[in-house]
Amino acid sequence: MPYLVRRAGHSAIMLLVVVSFVFFAGRMIGDPAIVMLGASASDTALEQLRNNLGLNDPLLMQYFRYVGGLVQGDLGVSFRYGFAQMPAERFMDGGGTPVMGLVLARLPQTLYLAAVALGGALALALVMGCLAAMYPRSWIDHLVNVLSLASVSVVQFWLGLVLIVLFAVHLGWLPTGGYGSWYHVILPALALGARPLGRVAQVTRSAMLDEMARPYVAAARAKGLPEHRIVSVHALKNAGIPVVTITGDELVQLVTGAILVETVFGWPGIGHLLVEALNNRDLPVLQGAILAVATLVIVVNLLVDITYTYLNPKVSLSSREN
Amino acid sequence: MTQKLLAKTEPDPSVVPTQNANVEGLYDEERAPKLTWKIYLRALFSDRVTLIAALFLIIMAVSALGAQFLAPFDPNQIDIMNRFMPPLSMTDAGQFHLLGTDQLGRDVLSRLMHGAQVSISIGFLGAICSGLLGITLGIIAGYKRGLFEDIVMRLVDGMQSLPSLLIALFVLFIIGGGYFNLVLVFTFLQWTVFCRMARSLTLNLRDSNFISAARVLGCTDARIMLRHILPNMVAPLMVLFTLEVAILILSEASLSFLGFGVQPPNASWGRMIASGRDHINTAWWLVTLPGLAIFLTALALNLLAGWCRAVSDPVHSSRWLTPKRKQNKQEG
Amino acid sequence: MTEQQQAVASGQREVVLRAEQLGKVFGKTVRQGWRRVDQGVRAVNDVNFELHRGETLGLVGESGCGKSTLARLLVRLMDPTEGRVEVLGQNLLELKREDLRQARRRIQMIFQDPYSSLNPRMTVGEIIGEPWQVFPDIVPPAQREARIGELLQQVGLNKSDADRYPHQFSGGQRQRIGIARALAVEPEVIICDEPVSALDVSVQAQVINLLMDIQRDTGVSYVFIAHDLSVVRQISDRIMVMYLGEIVEGGAVDAVYESPQHPYTTALLSSIPVHDPEQQSRQVLKLPGEVPSPMNPPSGCKFHTRCPYATEICSQEVPAVTGDLAVRGVRCHHASTLNFDPYIEHITGRVASG
Amino acid sequence: MNAMTEARTRVTGDRVDVSAAPIMSVEGLSVGFDTPHGPVQAVDNVSWSIRKGETLGIIGESGSGKSVGLETIMGLITSPPARISGQVLLDGQDILSMPQRQRRQLRGDRMAMIFQDALAALNPSLTIGTQISEVYRIRRGASRQAALDKAVELMDQVKIPSARSRLKAYPHEFSGGMCQRVMIAMALAMDPEILIADEPTTALDVTVQRQIMDLLQEVRRERGMSLILVTHDLGVVAECADRAVVMYSGRMAETATMRDLFRTPSHPYTRALLQAMPRVDARLERLQAIPGTPPTLSHIPSGCAFRPRCTFAQPRCAEEKPELRMLAAEHSAACHFAEAIREETSHD
């Protein structure tokens, strides 16, 4: 148990580092008041906004206030979101849209997309990897190898565009984008799932090949076990460790991939929000979205590490000792 | 009893030739043959897919390096009269556009060749810089251990558990896009990959007896790291390098798509897709072709890296290096 | 007793290597709930010996007994936690970095695994010549190539082998290269850490002969570590038997083999399979179980958990050393009352009565 | 003194009925592989047989093909990728020509195998109990509980203390000797008639080696099993085996009963090997080393493979590959001068 507690501690520290980075780096672009109101704003307006937002306090104090706000679930407010124009007066009376609400509204869509993409990719990849490992150097192996490398080599947003051209524009089978019923998710999930599919299949294949060459497999054959049990129980359990690692890793990459894929498909997820914030130079939303994604990723990593201890008896033992 | 047995079986001294004479005659046939480059080359030629990948990369490299001389048109030459010409079309002026023209009438093939220059060189430069940094830190961390290793590896763990493209976006948002900023950001983000690999390889090598032997011989730490450790991890690091180039080419495309790449009018593959996106319904080739270039380059790099890994892997290499069976027919 | 052994016994020869109360404790921190508890693993304990010029000291024990750790302590690949190591009167442990590098010229090491002990990316010539990159004064640059050829011939290889890479050689040939590398610095002492145990039987004898020839020609001293008692007998003048980090018995090789005093030594000797199908009706002193974990060593005499002769005192009191372990001594409560003759018939040829 | 009598156990030498028909016979077995350097012949025309209850030693250095041949018999090496010819007769039926499914039925039931590095041969992520009981459960259709009971019974037989509480242990929690015992228990689960032990004690210490060899002999005797013992240690063979096959460079150099092999070794290699072994009972001025190194499989010398290292070699040896010839009952050697050498050793 201490191991998990320590591991969770690491995650908390990581989160704090990201928060600090996001806060201080955000300040590096310049005076937030100017960023918000634009260079043409009057001095009095700027000064008033600074007072309102507490920008005249010492930086460290602002930082602590920011962290304090985060702890209470306050990610700041956006002054651009939801307004076509930016009436400067809005800033003055403390209005604006809370970022937390924006993020929470977008998060489920991203998780939904990621789950569909990864779930499909994982299932297919495991089958592909195991098949390739069972018939090494056969045509199946070659096909799996080339297919998985191809899906790793593709740029996700481009794949999205090509899918749109093919299935939405030319064939008209599926919608070009948006969010709605189940068929809206197909194209984005395909575009997003390609990379994890390739990576997991590759790792499964090579891990399985390594395991099948290990002496315990020969021993298992020698004692007369049927081949399917050797592959599905003996080898797969040991190959599981690298596969879980890469899956966790890909989950992290998936979130980044989602930024572009959501943009291409107009999928109302957190990635889309992030790109909008980038284009609007809307710092609070950008910071909020980055923090949300980072938190997600850190939690995923924590879960992956916990899974290890169940897969590998040695890890759990040594963590108990050390 | 045993003594007697021993005496009995002792051969007649006159029959025994001197040991040296006997051993000397053996030498030439006795040395194990070397895995020469010929064997690797033969394996490469027998593997058609990898061979095509290698040839494709050579063509890419040549057209990127020689874009200034080989490209049929000036990539930034605007020709409003001949916009959106599909591939394989001829202008009224008799200019042939193999891959068509874009929304400003610029030649797509020429832009692709110049774009290759940017995209591939960013990939290489980023991988080289991050490799140098990461490998240096990784070897030192793995060899010296202690506090330095703790700090470096904590850093690596931390950075690797964050979505790198997201951080890159945020940093570029702050410092602005452009060629060198991209390389800088890639270096800053990707060194951890090399560092982790170099460290784990160093840790494996560190316990090898030849490192102990070098220490007993009195070699300095610098000499051990440079002469004994580094040369023994070239193969896996080269594989990693190749993969990283592919990843960085893809990343460049993504960042360019979001507007953080090289500035217009210069072309990079990512920018070309981004600007072609608005015309996706009318001019499919503007999006498809640069994407295809990225895809094929990355695929070729990945194929080559995979092949190198298989060939240099001690467990599976012989299977890959063994020529396809001919002696069967001979036998049967 | 051979002449050499007599000379050793009377202490006429110069002492080249001395270990005094050498010990190594591996520190380990163990978590118990929220607390950290320091738990040392005593890998080597209280080792004393003197090695004379031209002499071979055999060191025997099962895996995990600490003999490899001891070898690493002697060349200071590892720092001992107690005691001292002197090479030609110079305490290795007090030396600064640069002085230690210089002192390494006096003491070299040959490793067990001939596959991992040579850098696969260096040619044989580079491997053998490397010491001179470190100590340029040993051989002047102009003569190095010739010297590499000489060394190769000395270990039974060809001059032309200098341009080849290690993977082109068989295990025995690689071990010869390792020996040539050690000889290149012209050391006084070579620590041989199981140099033949990874080799085929037909090649083992060659390497043992080679080591003996080199000693005859150069007067180098060996500490020869092995688990194979037949090999140790062949090459050693004196021998020490290790169990769980401690020397339990030691003395001139013939004395130890023909009248062992410690039950562990006897068990080792009688367990060796004899290559004579007609001599199979001898008695074997069998030990139950396996070597206990050094993390949790038994109380009293460390051997008592496996000793067929153990009595109450053995589990309570640490036995004192009778005699000098490096000359002739034993660490056992009951050494004076035990008779092991029936178990070593196959060695002495004496048929035991009773 | 009670401890004393317990500790005294005699090395045993029970011999087998020589007239019995062999339970398994290998006839002209050859195994070849393709390597980056071209095809190699790992096993070349090997023939031997084993009787019920007998212990057959197979002696050879690394690369002599001793393990490859047995792995082929077990079906662990298959064609392709290997090129296999010859016959392995079990009850008069050639098992090499059987379909895979049928061969798998033989493994465990008729013959089982244990390996040199027991820790590597056990699956690190499955418990000992699962690994010992799974074959019994799958092949015999026993319930999980019955299979575990069987596992405990087997562990008791191989003298693993407090067996039931160790069912849930993982291999890395065991010492080398214990792992080897687990391997043996695994191999015995289906009650095989032939047990192939591939260097079972090489990685172990002398005192533990003694325990494992005793255990193997004991289970062989109790079950009337045949034991094929692969080793490079002549001492182990001398103590345990009834007959032995000496392999060199993939070929059979000599085969004989233990007594003949040690009294009248008739192949120069066997003779040289016996002389090269360091002895525990005497200190020699110099060992009688065999010059040179065993050939690599890709470069086997022409004619007799041992020729370049042989003190008896004649020009003829380079040209003619010596065939295995019968010298006496149960004694054959593959050397042009085997009779002369046998004559010489038995006369002195």
# chains A, B, ... in the order shown; residues from 1 in each chain; ligands from 1
>>> select_by_dssp(residues="region 259-346 of chain D", states="alpha helix (DSSP H)", output="list in words")
Arg259, Asp260, Leu261, Phe262, Arg263, Pro268, Tyr269, Thr270, Arg271, Ala272, Leu273, Leu274, Gln275, Ala276, Pro315, Arg316, Cys317, Ala318, Glu319, Ala338, Glu339, Ala340, Ile341, Arg342, Glu343, Glu344, Thr345 and Ser346 of chain D
>>> closest_atom_pairs(of="chain B", to="chain A", cutoff="9 Å", atoms="only C-alpha atoms", output="JSON lines")
{"residue": "B:Val49", "atom": "CA", "partner": "A:Val146", "partner_atom": "CA", "distance": 8.7}
{"residue": "B:Gly158", "atom": "CA", "partner": "A:Met14", "partner_atom": "CA", "distance": 6.4}
{"residue": "B:Met159", "atom": "CA", "partner": "A:Met14", "partner_atom": "CA", "distance": 9.0}
{"residue": "B:Gln160", "atom": "CA", "partner": "A:Asp249", "partner_atom": "CA", "distance": 8.8}
{"residue": "B:Ser161", "atom": "CA", "partner": "A:Ile298", "partner_atom": "CA", "distance": 6.6}
{"residue": "B:Leu162", "atom": "CA", "partner": "A:Ala294", "partner_atom": "CA", "distance": 6.4}
{"residue": "B:Pro163", "atom": "CA", "partner": "A:Val252", "partner_atom": "CA", "distance": 5.7}
{"residue": "B:Ser164", "atom": "CA", "partner": "A:Thr256", "partner_atom": "CA", "distance": 7.9}
{"residue": "B:Leu165", "atom": "CA", "partner": "A:Thr256", "partner_atom": "CA", "distance": 6.2}
{"residue": "B:Leu166", "atom": "CA", "partner": "A:Thr256", "partner_atom": "CA", "distance": 6.1}
{"residue": "B:Ile167", "atom": "CA", "partner": "A:Ile290", "partner_atom": "CA", "distance": 8.3}
{"residue": "B:Leu169", "atom": "CA", "partner": "A:Leu278", "partner_atom": "CA", "distance": 8.9}
{"residue": "B:Phe170", "atom": "CA", "partner": "A:Leu286", "partner_atom": "CA", "distance": 8.4}
{"residue": "B:Val171", "atom": "CA", "partner": "A:Ala25", "partner_atom": "CA", "distance": 7.9}
{"residue": "B:Phe173", "atom": "CA", "partner": "A:Leu278", "partner_atom": "CA", "distance": 7.5}
{"residue": "B:Ile174", "atom": "CA", "partner": "A:Ile29", "partner_atom": "CA", "distance": 5.6}
{"residue": "B:Ile175", "atom": "CA", "partner": "A:Ile29", "partner_atom": "CA", "distance": 7.8}
{"residue": "B:Ala246", "atom": "CA", "partner": "A:Ser153", "partner_atom": "CA", "distance": 7.4}
{"residue": "B:Ile247", "atom": "CA", "partner": "A:Ser153", "partner_atom": "CA", "distance": 8.0}
{"residue": "B:Leu250", "atom": "CA", "partner": "A:Val155", "partner_atom": "CA", "distance": 5.9}
{"residue": "B:Ser251", "atom": "CA", "partner": "A:Val155", "partner_atom": "CA", "distance": 8.3}
{"residue": "B:Ala253", "atom": "CA", "partner": "A:Val155", "partner_atom": "CA", "distance": 7.5}
{"residue": "B:Ser254", "atom": "CA", "partner": "A:Leu260", "partner_atom": "CA", "distance": 7.4}
{"residue": "B:Phe257", "atom": "CA", "partner": "A:Leu260", "partner_atom": "CA", "distance": 8.6}
{"residue": "B:Leu258", "atom": "CA", "partner": "A:Val275", "partner_atom": "CA", "distance": 7.9}
{"residue": "B:Ile273", "atom": "CA", "partner": "A:Trp158", "partner_atom": "CA", "distance": 7.5}
{"residue": "B:Arg277", "atom": "CA", "partner": "A:Leu161", "partner_atom": "CA", "distance": 7.8}
{"residue": "B:Ile280", "atom": "CA", "partner": "A:Val165", "partner_atom": "CA", "distance": 7.0}
{"residue": "B:Asn281", "atom": "CA", "partner": "A:Val169", "partner_atom": "CA", "distance": 6.9}
{"residue": "B:Trp284", "atom": "CA", "partner": "A:Val165", "partner_atom": "CA", "distance": 7.4}
{"residue": "B:Val287", "atom": "CA", "partner": "A:Trp158", "partner_atom": "CA", "distance": 7.5}
{"residue": "B:Thr288", "atom": "CA", "partner": "A:Val162", "partner_atom": "CA", "distance": 6.8}
{"residue": "B:Gly291", "atom": "CA", "partner": "A:Trp158", "partner_atom": "CA", "distance": 6.1}
{"residue": "B:Leu292", "atom": "CA", "partner": "A:Val154", "partner_atom": "CA", "distance": 8.4}
{"residue": "B:Ile294", "atom": "CA", "partner": "A:Val154", "partner_atom": "CA", "distance": 7.4}
{"residue": "B:Phe295", "atom": "CA", "partner": "A:Val154", "partner_atom": "CA", "distance": 5.0}
{"residue": "B:Leu296", "atom": "CA", "partner": "A:Ser153", "partner_atom": "CA", "distance": 7.5}
{"residue": "B:Thr297", "atom": "CA", "partner": "A:Ser153", "partner_atom": "CA", "distance": 8.1}
{"residue": "B:Ala298", "atom": "CA", "partner": "A:Ser153", "partner_atom": "CA", "distance": 5.0}
{"residue": "B:Leu299", "atom": "CA", "partner": "A:Ser153", "partner_atom": "CA", "distance": 5.1}
{"residue": "B:Ala300", "atom": "CA", "partner": "A:Ser153", "partner_atom": "CA", "distance": 8.7}
{"residue": "B:Leu301", "atom": "CA", "partner": "A:Ser153", "partner_atom": "CA", "distance": 8.8}
{"residue": "B:Asn302", "atom": "CA", "partner": "A:Leu149", "partner_atom": "CA", "distance": 6.4}
{"residue": "B:Leu303", "atom": "CA", "partner": "A:Leu149", "partner_atom": "CA", "distance": 6.9}
{"residue": "B:Gly306", "atom": "CA", "partner": "A:Leu149", "partner_atom": "CA", "distance": 8.9}
{"residue": "B:Val315", "atom": "CA", "partner": "A:Asp210", "partner_atom": "CA", "distance": 7.8}
{"residue": "B:His316", "atom": "CA", "partner": "A:Asp210", "partner_atom": "CA", "distance": 8.4}
{"residue": "B:Arg319", "atom": "CA", "partner": "A:Arg137", "partner_atom": "CA", "distance": 8.8}
{"residue": "B:Trp320", "atom": "CA", "partner": "A:Arg137", "partner_atom": "CA", "distance": 8.8}
>>> write_last_selection(atoms="N, CA and C atoms", output="CSV table (one decimal), in the first residue's frame")
chain,number,residue,atom,x,y,z
B,49,VAL,N,9.8,-5.5,-49.3
B,49,VAL,CA,9.1,-4.3,-48.7
B,49,VAL,C,10.1,-3.3,-48.2
B,158,GLY,N,8.7,12.7,-15.3
B,158,GLY,CA,7.7,13.7,-15.3
B,158,GLY,C,7.3,14.2,-16.7
B,159,MET,N,8.3,14.5,-17.5
B,159,MET,CA,8.0,15.0,-18.8
B,159,MET,C,7.3,14.0,-19.7
B,160,GLN,N,7.7,12.7,-19.5
B,160,GLN,CA,7.1,11.7,-20.4
B,160,GLN,C,5.7,11.4,-20.0
B,161,SER,N,5.3,11.8,-18.8
B,161,SER,CA,3.9,11.5,-18.4
B,161,SER,C,3.0,12.6,-18.8
B,162,LEU,N,3.5,13.6,-19.6
B,162,LEU,CA,2.7,14.7,-20.0
B,162,LEU,C,2.5,14.5,-21.6
B,163,PRO,N,1.4,15.0,-22.1
B,163,PRO,CA,1.2,14.9,-23.5
B,163,PRO,C,2.1,15.9,-24.2
B,164,SER,N,3.1,15.4,-24.9
B,164,SER,CA,4.2,16.3,-25.4
B,164,SER,C,3.7,17.4,-26.4
B,165,LEU,N,2.8,16.9,-27.3
B,165,LEU,CA,2.3,17.9,-28.3
B,165,LEU,C,1.6,19.0,-27.7
B,166,LEU,N,0.9,18.8,-26.6
B,166,LEU,CA,0.1,19.8,-25.9
B,166,LEU,C,1.1,20.8,-25.3
B,167,ILE,N,2.1,20.3,-24.7
B,167,ILE,CA,3.1,21.2,-24.1
B,167,ILE,C,3.8,22.1,-25.2
B,169,LEU,N,2.5,22.9,-28.0
B,169,LEU,CA,1.5,23.9,-28.5
B,169,LEU,C,1.6,25.1,-27.6
B,170,PHE,N,1.6,24.8,-26.3
B,170,PHE,CA,1.5,25.9,-25.3
B,170,PHE,C,2.8,26.8,-25.4
B,171,VAL,N,3.9,26.1,-25.5
B,171,VAL,CA,5.2,26.8,-25.6
B,171,VAL,C,5.3,27.6,-26.8
B,173,PHE,N,2.8,28.7,-28.5
B,173,PHE,CA,1.8,29.8,-28.3
B,173,PHE,C,2.5,31.0,-27.7
B,174,ILE,N,3.4,30.7,-26.7
B,174,ILE,CA,4.1,31.8,-26.0
B,174,ILE,C,5.3,32.3,-26.8
B,175,ILE,N,6.1,31.4,-27.3
B,175,ILE,CA,7.4,31.9,-28.0
B,175,ILE,C,7.1,32.2,-29.5
B,246,ALA,N,10.7,10.1,-37.8
B,246,ALA,CA,9.3,9.9,-38.3
B,246,ALA,C,8.3,10.6,-37.4
B,247,ILE,N,8.5,10.4,-36.1
B,247,ILE,CA,7.5,11.1,-35.2
B,247,ILE,C,7.6,12.6,-35.3
B,250,LEU,N,5.8,13.9,-38.3
B,250,LEU,CA,4.3,13.9,-38.1
B,250,LEU,C,4.0,15.1,-37.2
B,251,SER,N,4.8,15.3,-36.1
B,251,SER,CA,4.5,16.4,-35.2
B,251,SER,C,4.6,17.7,-35.9
B,253,ALA,N,3.9,18.3,-38.9
B,253,ALA,CA,2.7,18.5,-39.7
B,253,ALA,C,1.6,19.0,-38.8
B,254,SER,N,1.4,18.4,-37.6
B,254,SER,CA,0.3,18.8,-36.7
B,254,SER,C,0.5,20.2,-36.3
B,257,PHE,N,-0.2,22.6,-39.0
B,257,PHE,CA,-1.6,22.6,-39.3
B,257,PHE,C,-2.3,23.7,-38.4
B,258,LEU,N,-1.8,23.8,-37.1
B,258,LEU,CA,-2.4,24.7,-36.1
B,258,LEU,C,-1.8,26.1,-36.3
B,273,ILE,N,-1.2,21.0,-46.2
B,273,ILE,CA,-2.5,20.4,-45.8
B,273,ILE,C,-3.4,21.4,-45.2
B,277,ARG,N,-7.1,22.6,-46.8
B,277,ARG,CA,-8.2,22.1,-46.1
B,277,ARG,C,-9.5,22.8,-46.5
B,280,ILE,N,-11.2,21.4,-49.6
B,280,ILE,CA,-11.3,19.9,-49.6
B,280,ILE,C,-12.4,19.4,-50.5
B,281,ASN,N,-13.5,20.1,-50.6
B,281,ASN,CA,-14.6,19.6,-51.4
B,281,ASN,C,-14.3,19.7,-52.9
B,284,TRP,N,-9.4,17.9,-54.2
B,284,TRP,CA,-9.0,16.8,-53.2
B,284,TRP,C,-7.4,16.7,-53.1
B,287,VAL,N,-5.0,18.5,-50.3
B,287,VAL,CA,-4.9,17.9,-49.0
B,287,VAL,C,-4.2,16.5,-49.1
B,288,THR,N,-4.7,15.7,-50.1
B,288,THR,CA,-4.3,14.3,-50.1
B,288,THR,C,-2.7,14.2,-50.4
B,291,GLY,N,-0.2,15.0,-47.5
B,291,GLY,CA,-0.5,14.0,-46.5
B,291,GLY,C,0.1,12.7,-46.9
B,292,LEU,N,0.0,12.3,-48.2
B,292,LEU,CA,0.5,11.1,-48.7
B,292,LEU,C,2.0,11.1,-48.6
B,294,ILE,N,3.9,12.7,-46.4
B,294,ILE,CA,4.2,12.5,-45.0
B,294,ILE,C,4.0,11.0,-44.6
B,295,PHE,N,2.9,10.5,-45.0
B,295,PHE,CA,2.6,9.1,-44.7
B,295,PHE,C,3.6,8.2,-45.2
B,296,LEU,N,4.0,8.3,-46.5
B,296,LEU,CA,4.9,7.4,-47.1
B,296,LEU,C,6.3,7.5,-46.5
B,297,THR,N,6.7,8.8,-46.2
B,297,THR,CA,8.0,9.0,-45.6
B,297,THR,C,8.1,8.3,-44.3
B,298,ALA,N,7.1,8.6,-43.4
B,298,ALA,CA,7.1,8.1,-42.1
B,298,ALA,C,7.0,6.5,-42.2
B,299,LEU,N,6.2,6.0,-43.1
B,299,LEU,CA,6.1,4.6,-43.2
B,299,LEU,C,7.4,3.9,-43.6
B,300,ALA,N,8.1,4.6,-44.5
B,300,ALA,CA,9.4,4.1,-45.0
B,300,ALA,C,10.4,4.1,-43.8
B,301,LEU,N,10.4,5.2,-43.1
B,301,LEU,CA,11.3,5.2,-41.9
B,301,LEU,C,11.0,4.2,-40.9
B,302,ASN,N,9.7,4.0,-40.6
B,302,ASN,CA,9.3,3.0,-39.7
B,302,ASN,C,9.6,1.6,-40.1
B,303,LEU,N,9.4,1.3,-41.4
B,303,LEU,CA,9.8,0.0,-42.0
B,303,LEU,C,11.3,-0.3,-41.8
B,306,GLY,N,12.2,-0.8,-38.2
B,306,GLY,CA,11.7,-2.2,-37.8
B,306,GLY,C,12.6,-3.2,-38.3
B,315,VAL,N,18.1,-12.2,-30.4
B,315,VAL,CA,17.2,-13.4,-30.3
B,315,VAL,C,16.7,-13.7,-31.7
B,316,HIS,N,16.2,-12.7,-32.5
B,316,HIS,CA,15.5,-13.0,-33.7
B,316,HIS,C,16.3,-12.8,-35.0
B,319,ARG,N,17.0,-15.4,-37.8
B,319,ARG,CA,15.8,-15.7,-38.7
B,319,ARG,C,15.7,-14.7,-39.9
B,320,TRP,N,16.0,-13.5,-39.6
B,320,TRP,CA,15.9,-12.5,-40.6
B,320,TRP,C,17.1,-12.5,-41.6
>>> interface_residues(of="chain D", to="chain B", cutoff="6 Å", atoms="only C-alpha atoms", output="list in words")
Thr35, Pro36, Gly292, Thr311, Thr345 and Asp348 of chain D
>>> closest_residue(among="C:Ala198, C:Ile138, C:Val318, C:Val203", to="chain D", atoms="only C-alpha atoms")
C:Val203
>>> residues_around(residues="region 170-174 of chain D", least_positions_apart="5", cutoff="9 Å", atoms="only C-alpha atoms", output="ChimeraX atom specification")
/A:313-314 /D:119,122-129,179,182
>>> write_last_selection(atoms="N, CA and C atoms", output="PDB file, in the first residue's frame")
ATOM      1  N   PRO A 313       4.098 -10.326 -10.554  1.00  0.00           N
ATOM      2  CA  PRO A 313       4.284 -10.641  -9.139  1.00  0.00           C
ATOM      3  C   PRO A 313       5.579 -10.051  -8.578  1.00  0.00           C
ATOM      4  N   LYS A 314       6.603  -9.928  -9.442  1.00  0.00           N
ATOM      5  CA  LYS A 314       7.876  -9.411  -8.936  1.00  0.00           C
ATOM      6  C   LYS A 314       7.770  -7.953  -8.555  1.00  0.00           C
TER       7      LYS A 314
ATOM      8  N   LEU D 119      14.829 -21.952 -13.529  1.00  0.00           N
ATOM      9  CA  LEU D 119      14.117 -20.710 -13.255  1.00  0.00           C
ATOM     10  C   LEU D 119      13.568 -20.124 -14.556  1.00  0.00           C
ATOM     11  N   LEU D 122      10.460 -21.876 -16.003  1.00  0.00           N
ATOM     12  CA  LEU D 122       9.174 -21.720 -15.324  1.00  0.00           C
ATOM     13  C   LEU D 122       8.608 -20.356 -15.687  1.00  0.00           C
ATOM     14  N   ASN D 123       7.307 -20.315 -15.854  1.00  0.00           N
ATOM     15  CA  ASN D 123       6.672 -19.052 -16.213  1.00  0.00           C
ATOM     16  C   ASN D 123       6.684 -18.105 -15.010  1.00  0.00           C
ATOM     17  N   PRO D 124       7.317 -16.944 -15.156  1.00  0.00           N
ATOM     18  CA  PRO D 124       7.482 -16.070 -13.993  1.00  0.00           C
ATOM     19  C   PRO D 124       6.180 -15.512 -13.456  1.00  0.00           C
ATOM     20  N   SER D 125       5.112 -15.491 -14.254  1.00  0.00           N
ATOM     21  CA  SER D 125       3.914 -14.823 -13.765  1.00  0.00           C
ATOM     22  C   SER D 125       2.784 -15.789 -13.418  1.00  0.00           C
ATOM     23  N   LEU D 126       3.085 -17.077 -13.368  1.00  0.00           N
ATOM     24  CA  LEU D 126       2.070 -18.022 -12.906  1.00  0.00           C
ATOM     25  C   LEU D 126       2.570 -18.692 -11.626  1.00  0.00           C
ATOM     26  N   THR D 127       1.634 -19.066 -10.759  1.00  0.00           N
ATOM     27  CA  THR D 127       2.063 -19.676  -9.509  1.00  0.00           C
ATOM     28  C   THR D 127       2.563 -21.098  -9.757  1.00  0.00           C
ATOM     29  N   ILE D 128       3.363 -21.573  -8.808  1.00  0.00           N
ATOM     30  CA  ILE D 128       3.892 -22.932  -8.882  1.00  0.00           C
ATOM     31  C   ILE D 128       2.750 -23.937  -8.991  1.00  0.00           C
ATOM     32  N   GLY D 129       1.725 -23.717  -8.159  1.00  0.00           N
ATOM     33  CA  GLY D 129       0.598 -24.654  -8.140  1.00  0.00           C
ATOM     34  C   GLY D 129      -0.062 -24.756  -9.505  1.00  0.00           C
ATOM     35  N   CYS D 179      13.603 -24.753  -7.786  1.00  0.00           N
ATOM     36  CA  CYS D 179      13.009 -24.617  -9.122  1.00  0.00           C
ATOM     37  C   CYS D 179      13.169 -25.912  -9.905  1.00  0.00           C
ATOM     38  N   VAL D 182      10.628 -28.287  -8.815  1.00  0.00           N
ATOM     39  CA  VAL D 182       9.331 -27.948  -9.385  1.00  0.00           C
ATOM     40  C   VAL D 182       9.251 -28.448 -10.824  1.00  0.00           C
TER      41      VAL D 182
END
>>> residues_around(residues="Glu186 (chain C)", least_positions_apart="3", cutoff="8 Å", atoms="only C-alpha atoms", output="ChimeraX atom specification")
/C:105-106,182-183
>>> closest_atom_pairs(of="chain A", to="chain D", cutoff="12 Å", atoms="only C-alpha atoms", output="CSV")
residue,atom,partner,partner_atom,distance
A:Pro136,CA,D:Pro81,CA,11.1
A:Arg137,CA,D:Pro81,CA,11.0
A:Glu211,CA,D:Asn123,CA,9.9
A:Met212,CA,D:Asn123,CA,11.3
A:Ala213,CA,D:Ala121,CA,11.1
A:Arg214,CA,D:Ala120,CA,7.5
A:Pro215,CA,D:Ala121,CA,4.8
A:Tyr216,CA,D:Ala121,CA,3.8
A:Val217,CA,D:Ala121,CA,7.4
A:Ala218,CA,D:Leu76,CA,6.5
A:Ala219,CA,D:Ala121,CA,5.7
A:Ala220,CA,D:Ala121,CA,8.2
A:Arg221,CA,D:Leu76,CA,7.1
A:Ala222,CA,D:Arg107,CA,5.8
A:Lys223,CA,D:Gly108,CA,4.5
A:Gly224,CA,D:Arg107,CA,4.6
A:Leu225,CA,D:Val135,CA,6.0
A:Pro226,CA,D:Arg104,CA,7.3
A:Glu227,CA,D:Arg104,CA,9.1
A:His228,CA,D:Ile138,CA,11.8
A:Arg229,CA,D:Ile138,CA,9.5
A:Ile230,CA,D:Asn123,CA,10.4
A:Val233,CA,D:Leu126,CA,9.1
A:His234,CA,D:Asn123,CA,6.8
A:Ala235,CA,D:Asn123,CA,8.5
A:Leu236,CA,D:Ser125,CA,10.2
A:Lys237,CA,D:Ser125,CA,7.0
A:Asn238,CA,D:Ser125,CA,6.5
A:Ala239,CA,D:Ser125,CA,10.2
A:Gly240,CA,D:Ser125,CA,10.3
A:Ile241,CA,D:Ser125,CA,10.5
A:Tyr308,CA,D:Ser125,CA,11.7
A:Thr309,CA,D:Ser125,CA,11.3
A:Tyr310,CA,D:Ser125,CA,10.0
A:Leu311,CA,D:Ser125,CA,7.5
A:Asn312,CA,D:Ser125,CA,6.2
A:Pro313,CA,D:Ser125,CA,6.2
A:Lys314,CA,D:His172,CA,7.6
A:Val315,CA,D:Ser125,CA,10.6
A:Ser316,CA,D:Ser125,CA,11.5
A:Leu317,CA,D:Glu173,CA,9.6
A:Ser318,CA,D:Glu173,CA,11.2
